[in-house]
file target-v8.txt (compact mmCIF, N, CA and C atoms)
# COMPACT_ATOMS: atom_id res chain seq x y z
N MET A 758 -33.44 28.67 -50.50
CA MET A 758 -32.46 27.74 -50.00
C MET A 758 -31.51 27.37 -51.13
N ALA A 759 -30.22 27.39 -50.84
CA ALA A 759 -29.22 27.08 -51.86
C ALA A 759 -29.16 25.58 -52.13
N LYS A 760 -28.85 25.24 -53.38
CA LYS A 760 -28.71 23.83 -53.73
C LYS A 760 -27.42 23.28 -53.14
N LYS A 761 -27.50 22.07 -52.64
CA LYS A 761 -26.33 21.42 -52.08
C LYS A 761 -25.56 20.72 -53.19
N LYS A 762 -24.28 20.95 -53.24
CA LYS A 762 -23.43 20.33 -54.25
C LYS A 762 -23.23 18.85 -53.90
N ALA A 763 -23.36 17.99 -54.89
CA ALA A 763 -23.21 16.55 -54.65
C ALA A 763 -21.76 16.22 -54.30
N ASP A 764 -21.61 15.44 -53.25
CA ASP A 764 -20.27 15.04 -52.83
C ASP A 764 -19.79 13.85 -53.65
N ALA A 765 -18.49 13.77 -53.81
CA ALA A 765 -17.91 12.65 -54.54
C ALA A 765 -17.95 11.41 -53.64
N LYS A 766 -18.17 10.26 -54.26
CA LYS A 766 -18.21 8.99 -53.54
C LYS A 766 -17.02 8.14 -53.97
N LEU A 767 -16.72 7.15 -53.17
CA LEU A 767 -15.63 6.24 -53.48
C LEU A 767 -16.22 4.92 -53.98
N TYR A 768 -15.61 4.38 -55.02
CA TYR A 768 -16.03 3.11 -55.62
C TYR A 768 -14.81 2.21 -55.78
N SER A 769 -14.93 0.96 -55.34
CA SER A 769 -13.86 -0.02 -55.50
C SER A 769 -14.18 -0.93 -56.67
N VAL A 770 -13.17 -1.18 -57.51
CA VAL A 770 -13.34 -2.09 -58.64
C VAL A 770 -13.15 -3.51 -58.14
N ARG A 771 -14.13 -4.37 -58.39
CA ARG A 771 -14.05 -5.77 -57.97
C ARG A 771 -13.66 -6.63 -59.16
N ILE A 772 -12.58 -7.35 -59.00
CA ILE A 772 -12.14 -8.32 -59.99
C ILE A 772 -12.10 -9.66 -59.26
N GLY A 773 -13.07 -10.51 -59.58
CA GLY A 773 -13.26 -11.74 -58.82
C GLY A 773 -13.81 -11.37 -57.45
N LYS A 774 -13.17 -11.86 -56.40
CA LYS A 774 -13.58 -11.52 -55.03
C LYS A 774 -12.69 -10.42 -54.44
N LYS A 775 -11.66 -10.00 -55.20
CA LYS A 775 -10.73 -9.00 -54.69
C LYS A 775 -11.12 -7.62 -55.20
N GLU A 776 -10.86 -6.62 -54.37
CA GLU A 776 -11.07 -5.24 -54.75
C GLU A 776 -9.71 -4.63 -55.05
N GLU A 777 -9.51 -4.26 -56.31
CA GLU A 777 -8.21 -3.85 -56.78
C GLU A 777 -7.95 -2.35 -56.65
N ASN A 778 -8.76 -1.52 -57.25
CA ASN A 778 -8.53 -0.09 -57.31
C ASN A 778 -9.70 0.67 -56.72
N VAL A 779 -9.46 1.91 -56.31
CA VAL A 779 -10.50 2.77 -55.78
C VAL A 779 -10.56 4.02 -56.66
N PHE A 780 -11.77 4.36 -57.11
CA PHE A 780 -11.98 5.56 -57.92
C PHE A 780 -12.97 6.47 -57.21
N LYS A 781 -12.80 7.76 -57.42
CA LYS A 781 -13.65 8.76 -56.80
C LYS A 781 -14.45 9.46 -57.88
N GLY A 782 -15.75 9.60 -57.66
CA GLY A 782 -16.59 10.29 -58.62
C GLY A 782 -17.93 10.63 -58.00
N LYS A 783 -18.64 11.57 -58.62
CA LYS A 783 -19.95 11.95 -58.11
C LYS A 783 -20.97 10.86 -58.34
N GLY A 784 -20.78 10.05 -59.36
CA GLY A 784 -21.69 8.96 -59.65
C GLY A 784 -20.92 7.72 -60.05
N ALA A 785 -21.63 6.61 -60.09
CA ALA A 785 -20.99 5.35 -60.44
C ALA A 785 -20.49 5.35 -61.88
N ARG A 786 -21.21 6.05 -62.77
CA ARG A 786 -20.81 6.08 -64.19
C ARG A 786 -19.46 6.76 -64.36
N GLN A 787 -19.22 7.82 -63.63
CA GLN A 787 -17.94 8.52 -63.73
C GLN A 787 -16.79 7.61 -63.31
N ALA A 788 -16.97 6.85 -62.24
CA ALA A 788 -15.94 5.90 -61.80
C ALA A 788 -15.81 4.76 -62.80
N ALA A 789 -16.91 4.32 -63.42
CA ALA A 789 -16.86 3.25 -64.42
C ALA A 789 -16.09 3.70 -65.66
N LEU A 790 -16.25 4.95 -66.06
CA LEU A 790 -15.50 5.46 -67.21
C LEU A 790 -14.00 5.47 -66.92
N LYS A 791 -13.62 5.83 -65.71
CA LYS A 791 -12.22 5.81 -65.32
C LYS A 791 -11.67 4.38 -65.35
N ALA A 792 -12.46 3.43 -64.83
CA ALA A 792 -12.03 2.03 -64.81
C ALA A 792 -11.93 1.48 -66.23
N ALA A 793 -12.87 1.83 -67.09
CA ALA A 793 -12.86 1.34 -68.48
C ALA A 793 -11.65 1.87 -69.23
N SER A 794 -11.30 3.13 -69.01
CA SER A 794 -10.16 3.71 -69.72
C SER A 794 -8.86 3.05 -69.32
N ARG A 795 -8.82 2.45 -68.14
CA ARG A 795 -7.62 1.74 -67.69
C ARG A 795 -7.68 0.24 -67.98
N GLY A 796 -8.78 -0.23 -68.55
CA GLY A 796 -8.92 -1.63 -68.93
C GLY A 796 -9.18 -2.56 -67.77
N LEU A 797 -9.80 -2.09 -66.71
CA LEU A 797 -10.07 -2.92 -65.53
C LEU A 797 -11.42 -3.60 -65.68
N LYS A 798 -11.40 -4.90 -65.98
CA LYS A 798 -12.63 -5.68 -66.16
C LYS A 798 -12.49 -7.00 -65.43
N ASP A 799 -13.64 -7.59 -65.13
CA ASP A 799 -13.68 -8.91 -64.53
C ASP A 799 -13.45 -9.96 -65.63
N SER A 800 -13.35 -11.22 -65.26
CA SER A 800 -13.11 -12.28 -66.24
C SER A 800 -14.26 -12.41 -67.23
N ASP A 801 -15.46 -12.00 -66.83
CA ASP A 801 -16.60 -12.06 -67.75
C ASP A 801 -16.79 -10.76 -68.54
N GLY A 802 -15.81 -9.86 -68.47
CA GLY A 802 -15.84 -8.64 -69.27
C GLY A 802 -16.68 -7.51 -68.70
N LEU A 803 -17.07 -7.61 -67.43
CA LEU A 803 -17.90 -6.59 -66.80
C LEU A 803 -17.08 -5.75 -65.83
N ILE A 804 -17.50 -4.51 -65.64
CA ILE A 804 -16.89 -3.62 -64.66
C ILE A 804 -17.81 -3.61 -63.45
N LYS A 805 -17.31 -4.08 -62.32
CA LYS A 805 -18.11 -4.16 -61.10
C LYS A 805 -17.54 -3.18 -60.09
N LEU A 806 -18.37 -2.22 -59.67
CA LEU A 806 -17.96 -1.19 -58.72
C LEU A 806 -18.77 -1.29 -57.44
N ARG A 807 -18.07 -1.45 -56.31
CA ARG A 807 -18.76 -1.47 -55.03
C ARG A 807 -18.70 -0.07 -54.44
N GLU A 808 -19.86 0.46 -54.11
CA GLU A 808 -19.94 1.78 -53.51
C GLU A 808 -19.55 1.69 -52.05
N HIS A 809 -18.65 2.56 -51.59
CA HIS A 809 -18.22 2.55 -50.20
C HIS A 809 -19.35 3.04 -49.31
N GLY A 810 -19.48 2.43 -48.16
CA GLY A 810 -20.52 2.81 -47.21
C GLY A 810 -21.81 2.05 -47.47
N GLN A 811 -22.52 1.78 -46.39
CA GLN A 811 -23.79 1.06 -46.49
C GLN A 811 -24.95 2.05 -46.61
N LYS A 812 -26.03 1.58 -47.19
CA LYS A 812 -27.25 2.38 -47.24
C LYS A 812 -28.03 2.15 -45.94
N LYS A 813 -29.19 2.77 -45.83
CA LYS A 813 -29.99 2.66 -44.61
C LYS A 813 -30.45 1.24 -44.33
N ASP A 814 -30.57 0.43 -45.38
CA ASP A 814 -31.00 -0.96 -45.19
C ASP A 814 -29.86 -1.86 -44.73
N GLY A 815 -28.65 -1.31 -44.56
CA GLY A 815 -27.51 -2.09 -44.08
C GLY A 815 -26.82 -2.91 -45.15
N LYS A 816 -27.08 -2.62 -46.42
CA LYS A 816 -26.48 -3.37 -47.52
C LYS A 816 -25.59 -2.47 -48.35
N TRP A 817 -24.63 -3.10 -49.03
CA TRP A 817 -23.75 -2.38 -49.94
C TRP A 817 -24.31 -2.47 -51.35
N ARG A 818 -23.98 -1.51 -52.19
CA ARG A 818 -24.43 -1.49 -53.58
C ARG A 818 -23.28 -1.87 -54.50
N LEU A 819 -23.56 -2.78 -55.42
CA LEU A 819 -22.59 -3.20 -56.43
C LEU A 819 -23.15 -2.80 -57.78
N HIS A 820 -22.51 -1.80 -58.40
CA HIS A 820 -22.94 -1.29 -59.71
C HIS A 820 -22.21 -2.08 -60.78
N ILE A 821 -22.95 -2.62 -61.73
CA ILE A 821 -22.37 -3.47 -62.76
C ILE A 821 -22.56 -2.80 -64.13
N PHE A 822 -21.43 -2.62 -64.82
CA PHE A 822 -21.41 -1.95 -66.12
C PHE A 822 -20.79 -2.86 -67.17
N LYS A 823 -21.19 -2.65 -68.41
CA LYS A 823 -20.54 -3.26 -69.55
C LYS A 823 -19.77 -2.13 -70.21
N GLY A 824 -18.49 -2.33 -70.48
CA GLY A 824 -17.70 -1.22 -70.99
C GLY A 824 -16.67 -1.63 -72.03
N SER A 825 -16.23 -0.64 -72.77
CA SER A 825 -15.19 -0.84 -73.77
C SER A 825 -14.39 0.44 -73.88
N VAL A 826 -13.26 0.34 -74.55
CA VAL A 826 -12.41 1.50 -74.78
C VAL A 826 -12.03 1.51 -76.25
N GLN A 827 -12.04 2.69 -76.83
CA GLN A 827 -11.75 2.83 -78.26
C GLN A 827 -10.60 3.81 -78.42
N LYS A 828 -9.66 3.51 -79.29
CA LYS A 828 -8.54 4.41 -79.60
C LYS A 828 -9.01 5.37 -80.69
N ILE A 829 -8.90 6.67 -80.41
CA ILE A 829 -9.28 7.67 -81.40
C ILE A 829 -8.14 8.66 -81.56
N ALA A 830 -8.15 9.40 -82.66
CA ALA A 830 -7.15 10.43 -82.90
C ALA A 830 -7.41 11.61 -81.97
N LYS A 831 -6.34 12.28 -81.59
CA LYS A 831 -6.50 13.42 -80.69
C LYS A 831 -7.24 14.55 -81.40
N PRO A 832 -7.95 15.38 -80.67
CA PRO A 832 -8.69 16.49 -81.28
C PRO A 832 -7.76 17.54 -81.87
N ALA A 833 -8.29 18.35 -82.75
CA ALA A 833 -7.48 19.37 -83.43
C ALA A 833 -6.95 20.43 -82.46
N ASN A 834 -7.70 20.73 -81.42
CA ASN A 834 -7.27 21.75 -80.46
C ASN A 834 -6.51 21.18 -79.27
N ALA A 835 -6.01 19.97 -79.39
CA ALA A 835 -5.30 19.31 -78.29
C ALA A 835 -3.92 19.94 -78.09
N PRO A 836 -3.41 19.92 -76.85
CA PRO A 836 -2.06 20.46 -76.61
C PRO A 836 -0.98 19.57 -77.22
N ASP A 837 0.21 20.11 -77.36
CA ASP A 837 1.32 19.40 -78.01
C ASP A 837 1.76 18.16 -77.25
N TRP A 838 1.64 18.19 -75.92
CA TRP A 838 2.13 17.08 -75.12
C TRP A 838 1.23 15.85 -75.20
N MET A 839 0.01 15.99 -75.71
CA MET A 839 -0.93 14.87 -75.79
C MET A 839 -0.52 13.91 -76.91
N PRO A 840 -0.59 12.60 -76.66
CA PRO A 840 -0.21 11.64 -77.71
C PRO A 840 -1.17 11.70 -78.91
N ASP A 841 -0.75 11.11 -80.03
CA ASP A 841 -1.55 11.17 -81.26
C ASP A 841 -2.86 10.41 -81.15
N THR A 842 -2.87 9.32 -80.37
CA THR A 842 -4.12 8.58 -80.15
C THR A 842 -4.43 8.57 -78.66
N ILE A 843 -5.73 8.65 -78.34
CA ILE A 843 -6.15 8.65 -76.95
C ILE A 843 -7.23 7.59 -76.76
N ASN A 844 -7.43 7.18 -75.51
CA ASN A 844 -8.46 6.20 -75.17
C ASN A 844 -9.78 6.91 -74.89
N LYS A 845 -10.84 6.44 -75.53
CA LYS A 845 -12.17 6.99 -75.27
C LYS A 845 -13.03 5.85 -74.72
N PRO A 846 -13.37 5.90 -73.42
CA PRO A 846 -14.16 4.83 -72.82
C PRO A 846 -15.66 5.02 -73.09
N ALA A 847 -16.37 3.91 -73.08
CA ALA A 847 -17.83 3.91 -73.20
C ALA A 847 -18.36 2.84 -72.25
N VAL A 848 -19.36 3.19 -71.44
CA VAL A 848 -19.94 2.24 -70.49
C VAL A 848 -21.46 2.29 -70.56
N LYS A 849 -22.08 1.17 -70.20
CA LYS A 849 -23.53 1.08 -70.12
C LYS A 849 -23.86 0.32 -68.84
N LYS A 850 -24.73 0.90 -68.04
CA LYS A 850 -25.09 0.27 -66.77
C LYS A 850 -26.07 -0.87 -67.02
N LEU A 851 -25.76 -2.03 -66.45
CA LEU A 851 -26.61 -3.20 -66.61
C LEU A 851 -27.58 -3.36 -65.44
N ARG A 852 -27.03 -3.25 -64.22
CA ARG A 852 -27.89 -3.44 -63.04
C ARG A 852 -27.14 -2.99 -61.78
N VAL A 853 -27.88 -2.97 -60.68
CA VAL A 853 -27.31 -2.71 -59.36
C VAL A 853 -27.71 -3.88 -58.47
N GLU A 854 -26.73 -4.50 -57.83
CA GLU A 854 -26.99 -5.60 -56.92
C GLU A 854 -26.78 -5.12 -55.48
N LYS A 855 -27.52 -5.71 -54.56
CA LYS A 855 -27.37 -5.40 -53.14
C LYS A 855 -26.62 -6.55 -52.48
N LEU A 856 -25.59 -6.21 -51.73
CA LEU A 856 -24.77 -7.21 -51.06
C LEU A 856 -24.98 -7.14 -49.55
N ASP A 857 -25.13 -8.32 -48.92
CA ASP A 857 -25.25 -8.38 -47.47
C ASP A 857 -23.90 -8.21 -46.79
N LYS A 858 -22.86 -8.78 -47.40
CA LYS A 858 -21.51 -8.62 -46.88
C LYS A 858 -20.54 -8.47 -48.05
N ILE A 859 -19.40 -7.89 -47.75
CA ILE A 859 -18.43 -7.59 -48.81
C ILE A 859 -17.72 -8.83 -49.26

call {"tool": "encode", "arguments": {"input": "target-v8.txt", "output": "structure tokens"}}
result
Amino acid sequence: MAKKKADAKLYSVRIGKKEENVFKGKGARQAALKAASRGLKDSDGLIKLREHGQKKDGKWRLHIFKGSVQKIAKPANAPDWMPDTINKPAVKKLRVEKLDKI
């Protein structure tokens, strides 16, 4: 039997009670890296991503990450159009919360 390729999921960035941006990724970490590179954080400095769609228990998942972005020099094999400094995000997952309603 062939392995099934993982489908990309949608994650909304929550800032306060509002959902600002939507990112697509195979996992929550991939979406958190995208959010961190754009500087999207809550007032307490956390990246909160709500996974679209409910699980079998009827609840939504809220993935909470701590993240930062660091400016680094571009690599030696980088193309000419790339700027001299680039953003390198780093995230660490803290927990997953279950929400009854959005």

call {"tool": "residues_around", "arguments": {"input": "target-v8.txt", "residues": "Arg786 (chain A)", "least_positions_apart": "3", "cutoff": "8 Å", "atoms": "all atoms listed in the file", "output": "number ranges by chain"}}
result
A: 782-783, 789-792, 848-850

call {"tool": "closest_residue", "arguments": {"input": "target-v8.txt", "among": "A:Lys798, A:Arg852, A:Lys812, A:Lys845", "to": "Lys831 (chain A)", "atoms": "only C-alpha atoms"}}
result
A:Lys845

call {"tool": "closest_residue", "arguments": {"input": "target-v8.txt", "among": "A:Ala785, A:Leu803, A:Leu851, A:Leu797", "to": "Lys766 (chain A)", "atoms": "all atoms listed in the file"}}
result
A:Ala785

call {"tool": "closest_residue", "arguments": {"input": "target-v8.txt", "among": "A:Lys858, A:Arg795, A:Lys828, A:His809", "to": "Lys774 (chain A)", "atoms": "only C-alpha atoms"}}
result
A:Lys858

call {"tool": "select_by_dssp", "arguments": {"input": "target-v8.txt", "residues": "chain A", "states": "helix (DSSP H, G or I)", "output": "NGL selection string"}}
result
:A and (785-794)

call {"tool": "atom_distance", "arguments": {"input": "target-v8.txt", "atom1": "atom N of Ser794 (chain A)", "atom2": "atom N of Gly824 (chain A)"}}
result
9.1 Å

call {"tool": "atom_distance", "arguments": {"input": "target-v8.txt", "atom1": "CA of Gly773 (chain A)", "atom2": "atom N of Phe822 (chain A)"}}
result
13.6 Å
